$ cat run.cif   # mmCIF, C-alpha atoms
data_upload
#
loop_
_atom_site.group_PDB
_atom_site.id
_atom_site.type_symbol
_atom_site.label_atom_id
_atom_site.label_comp_id
_atom_site.auth_asym_id
_atom_site.auth_seq_id
_atom_site.Cartn_x
_atom_site.Cartn_y
_atom_site.Cartn_z
ATOM 1 C CA MET A 1 3.951 -28.589 17.844
ATOM 2 C CA ASN A 2 2.015 -26.552 15.223
ATOM 3 C CA GLN A 3 1.109 -29.282 12.744
ATOM 4 C CA GLU A 4 -1.933 -27.500 11.310
ATOM 5 C CA ILE A 5 -1.911 -27.375 7.499
ATOM 6 C CA LEU A 6 -3.292 -24.402 5.545
ATOM 7 C CA ASP A 7 -4.168 -24.122 1.869
ATOM 8 C CA ASN A 8 -4.114 -20.963 -0.295
ATOM 9 C CA TYR A 9 -7.603 -19.873 0.738
ATOM 10 C CA GLN A 10 -7.025 -20.316 4.468
ATOM 11 C CA LEU A 11 -3.719 -18.453 4.264
ATOM 12 C CA ALA A 12 -5.374 -15.640 2.284
ATOM 13 C CA GLU A 13 -8.014 -15.337 5.017
ATOM 14 C CA ARG A 14 -5.308 -15.270 7.696
ATOM 15 C CA TRP A 15 -3.474 -12.471 5.874
ATOM 16 C CA LYS A 16 -6.744 -10.708 4.913
ATOM 17 C CA LEU A 17 -6.003 -10.829 1.173
ATOM 18 C CA SER A 18 -8.670 -10.255 -1.414
ATOM 19 C CA GLY A 19 -8.874 -11.101 -5.088
ATOM 20 C CA THR A 20 -9.726 -13.991 -7.320
ATOM 21 C CA PRO A 21 -8.506 -17.455 -6.350
ATOM 22 C CA ASP A 22 -6.115 -17.373 -9.336
ATOM 23 C CA ALA A 23 -4.645 -14.026 -8.292
ATOM 24 C CA ILE A 24 -4.136 -15.229 -4.726
ATOM 25 C CA ALA A 25 -2.512 -18.458 -5.935
ATOM 26 C CA LYS A 26 -0.140 -16.477 -8.189
ATOM 27 C CA ARG A 27 0.846 -14.206 -5.303
ATOM 28 C CA PHE A 28 1.751 -17.195 -3.133
ATOM 29 C CA GLN A 29 3.526 -18.883 -6.062
ATOM 30 C CA ARG A 30 5.744 -15.797 -6.483
ATOM 31 C CA LEU A 31 6.643 -15.911 -2.781
ATOM 32 C CA ARG A 32 7.457 -19.642 -3.026
ATOM 33 C CA ALA A 33 9.622 -19.014 -6.120
ATOM 34 C CA LEU A 34 11.948 -16.586 -4.337
ATOM 35 C CA PRO A 35 15.407 -17.916 -3.403
ATOM 36 C CA LYS A 36 15.419 -19.792 -0.106
ATOM 37 C CA SER A 37 17.988 -17.326 1.238
ATOM 38 C CA SER A 38 15.460 -14.481 0.853
ATOM 39 C CA ALA A 39 13.530 -13.518 3.972
ATOM 40 C CA ARG A 40 10.364 -13.301 1.845
ATOM 41 C CA HIS A 41 10.620 -16.929 0.628
ATOM 42 C CA LEU A 42 7.487 -18.845 1.640
ATOM 43 C CA LYS A 43 8.006 -22.496 2.558
ATOM 44 C CA ALA A 44 5.421 -24.879 1.163
ATOM 45 C CA PHE A 45 4.898 -28.483 0.170
ATOM 46 C CA LYS A 46 2.602 -30.091 -2.359
ATOM 47 C CA ILE A 47 -0.258 -32.490 -1.737
ATOM 48 C CA GLY A 48 -1.359 -33.630 -5.152
ATOM 49 C CA ASN A 49 -1.085 -30.527 -7.296
ATOM 50 C CA GLN A 50 -1.950 -28.009 -4.553
ATOM 51 C CA ALA A 51 0.502 -26.126 -2.382
ATOM 52 C CA ARG A 52 -0.008 -26.422 1.378
ATOM 53 C CA TYR A 53 1.626 -24.519 4.207
ATOM 54 C CA ARG A 54 2.498 -25.632 7.737
ATOM 55 C CA LEU A 55 1.329 -23.238 10.424
ATOM 56 C CA ALA A 56 4.796 -23.357 12.017
ATOM 57 C CA ASP A 57 6.337 -22.182 8.712
ATOM 58 C CA ILE A 58 3.739 -19.401 8.408
ATOM 59 C CA LEU A 59 4.436 -18.187 11.945
ATOM 60 C CA GLU A 60 8.178 -18.187 11.197
ATOM 61 C CA TYR A 61 7.557 -16.265 7.945
ATOM 62 C CA GLU A 62 5.387 -13.672 9.712
ATOM 63 C CA ASP A 63 7.963 -13.213 12.470
ATOM 64 C CA ARG A 64 10.839 -12.906 9.995
ATOM 65 C CA ASN A 65 9.049 -10.274 7.895
ATOM 66 C CA ALA A 66 7.574 -8.370 10.838
ATOM 67 C CA ARG A 67 11.124 -7.925 12.152
ATOM 68 C CA ARG A 68 12.209 -6.453 8.796
ATOM 69 C CA SER A 69 9.358 -3.932 8.674
ATOM 70 C CA ARG A 70 10.022 -2.443 12.121
#

$ encode --input "run.cif" --output "structure tokens"
Amino acid sequence: MNQEILDNYQLAERWKLSGTPDAIAKRFQRLRALPKSSARHLKAFKIGNQARYRLADILEYEDRNARRSR
């Protein structure tokens, strides 16, 4: 299905975030560090020492959090 893989910079562009690369990485790290039971937990996996995100997980995350904000 959606097997596209995004890195921090591509995800920041998708979400229209601005800031230094370190600040963006820290923001995503805080979302990944939340408990898995939290709706704001961001699923990720590591390739080498960099976090990557599956597009399917991102779409699920956006849907889950868009529902909460309505």

$ atom_distance --input "run.cif" --atom1 "CA of Ala66 in chain A" --atom2 "CA of Asn49 in chain A"
29.9 Å

$ resolve_selection --input "run.cif" --expression "the PyMOL selection byres ((chain A and resi 22-36) around 10)" --output "list in words"
Asp7, Asn8, Tyr9, Leu11, Ala12, Leu17, Ser18, Gly19, Thr20, Pro21, Ser37, Ser38, Ala39, Arg40, His41, Leu42, Lys43, Ala44, Phe45, Gln50 and Ala51 of chain A

$ atom_distance --input "run.cif" --atom1 "CA of Glu62 in chain A" --atom2 "CA of Lys46 in chain A"
20.6 Å

$ resolve_selection --input "run.cif" --expression "the PyMOL selection byres ((chain A and resi 56) around 8)" --output "ChimeraX atom specification"
/A:1-4,54-55,57-60

$ build_atoms --input "run.cif" --residues "range 21-38 of chain A" --atoms "N, CA and C atoms" --output "PDB file, in the frame of the given file"
ATOM      1  N   PRO A  21      -9.345 -16.322  -6.774  1.00  0.00           N
ATOM      2  CA  PRO A  21      -8.506 -17.455  -6.350  1.00  0.00           C
ATOM      3  C   PRO A  21      -7.229 -17.586  -7.184  1.00  0.00           C
ATOM      4  N   ASP A  22      -7.318 -17.299  -8.491  1.00  0.00           N
ATOM      5  CA  ASP A  22      -6.115 -17.373  -9.336  1.00  0.00           C
ATOM      6  C   ASP A  22      -5.090 -16.312  -8.949  1.00  0.00           C
ATOM      7  N   ALA A  23      -5.557 -15.101  -8.670  1.00  0.00           N
ATOM      8  CA  ALA A  23      -4.645 -14.026  -8.292  1.00  0.00           C
ATOM      9  C   ALA A  23      -3.955 -14.331  -6.962  1.00  0.00           C
ATOM     10  N   ILE A  24      -4.707 -14.870  -6.026  1.00  0.00           N
ATOM     11  CA  ILE A  24      -4.136 -15.229  -4.726  1.00  0.00           C
ATOM     12  C   ILE A  24      -3.114 -16.350  -4.890  1.00  0.00           C
ATOM     13  N   ALA A  25      -3.440 -17.348  -5.696  1.00  0.00           N
ATOM     14  CA  ALA A  25      -2.512 -18.458  -5.935  1.00  0.00           C
ATOM     15  C   ALA A  25      -1.229 -17.958  -6.589  1.00  0.00           C
ATOM     16  N   LYS A  26      -1.331 -17.024  -7.523  1.00  0.00           N
ATOM     17  CA  LYS A  26      -0.140 -16.477  -8.189  1.00  0.00           C
ATOM     18  C   LYS A  26       0.719 -15.698  -7.204  1.00  0.00           C
ATOM     19  N   ARG A  27       0.085 -14.966  -6.302  1.00  0.00           N
ATOM     20  CA  ARG A  27       0.846 -14.206  -5.303  1.00  0.00           C
ATOM     21  C   ARG A  27       1.666 -15.155  -4.428  1.00  0.00           C
ATOM     22  N   PHE A  28       1.033 -16.231  -3.962  1.00  0.00           N
ATOM     23  CA  PHE A  28       1.751 -17.195  -3.133  1.00  0.00           C
ATOM     24  C   PHE A  28       2.814 -17.931  -3.943  1.00  0.00           C
ATOM     25  N   GLN A  29       2.545 -18.208  -5.218  1.00  0.00           N
ATOM     26  CA  GLN A  29       3.526 -18.883  -6.062  1.00  0.00           C
ATOM     27  C   GLN A  29       4.768 -18.009  -6.218  1.00  0.00           C
ATOM     28  N   ARG A  30       4.584 -16.700  -6.367  1.00  0.00           N
ATOM     29  CA  ARG A  30       5.744 -15.797  -6.483  1.00  0.00           C
ATOM     30  C   ARG A  30       6.563 -15.806  -5.202  1.00  0.00           C
ATOM     31  N   LEU A  31       5.907 -15.859  -4.049  1.00  0.00           N
ATOM     32  CA  LEU A  31       6.643 -15.911  -2.781  1.00  0.00           C
ATOM     33  C   LEU A  31       7.393 -17.236  -2.639  1.00  0.00           C
ATOM     34  N   ARG A  32       6.784 -18.337  -3.095  1.00  0.00           N
ATOM     35  CA  ARG A  32       7.457 -19.642  -3.026  1.00  0.00           C
ATOM     36  C   ARG A  32       8.641 -19.701  -3.977  1.00  0.00           C
ATOM     37  N   ALA A  33       8.584 -18.955  -5.098  1.00  0.00           N
ATOM     38  CA  ALA A  33       9.622 -19.014  -6.120  1.00  0.00           C
ATOM     39  C   ALA A  33      10.866 -18.198  -5.757  1.00  0.00           C
ATOM     40  N   LEU A  34      10.780 -17.369  -4.738  1.00  0.00           N
ATOM     41  CA  LEU A  34      11.948 -16.586  -4.337  1.00  0.00           C
ATOM     42  C   LEU A  34      13.050 -17.512  -3.834  1.00  0.00           C
ATOM     43  N   PRO A  35      14.309 -17.082  -3.926  1.00  0.00           N
ATOM     44  CA  PRO A  35      15.407 -17.916  -3.403  1.00  0.00           C
ATOM     45  C   PRO A  35      15.206 -18.215  -1.915  1.00  0.00           C
ATOM     46  N   LYS A  36      15.607 -19.399  -1.509  1.00  0.00           N
ATOM     47  CA  LYS A  36      15.419 -19.792  -0.106  1.00  0.00           C
ATOM     48  C   LYS A  36      16.181 -18.891   0.850  1.00  0.00           C
ATOM     49  N   SER A  37      17.219 -18.222   0.376  1.00  0.00           N
ATOM     50  CA  SER A  37      17.988 -17.326   1.238  1.00  0.00           C
ATOM     51  C   SER A  37      17.263 -16.003   1.481  1.00  0.00           C
ATOM     52  N   SER A  38      16.228 -15.711   0.693  1.00  0.00           N
ATOM     53  CA  SER A  38      15.460 -14.481   0.853  1.00  0.00           C
ATOM     54  C   SER A  38      14.533 -14.598   2.064  1.00  0.00           C
TER      55      SER A  38
END
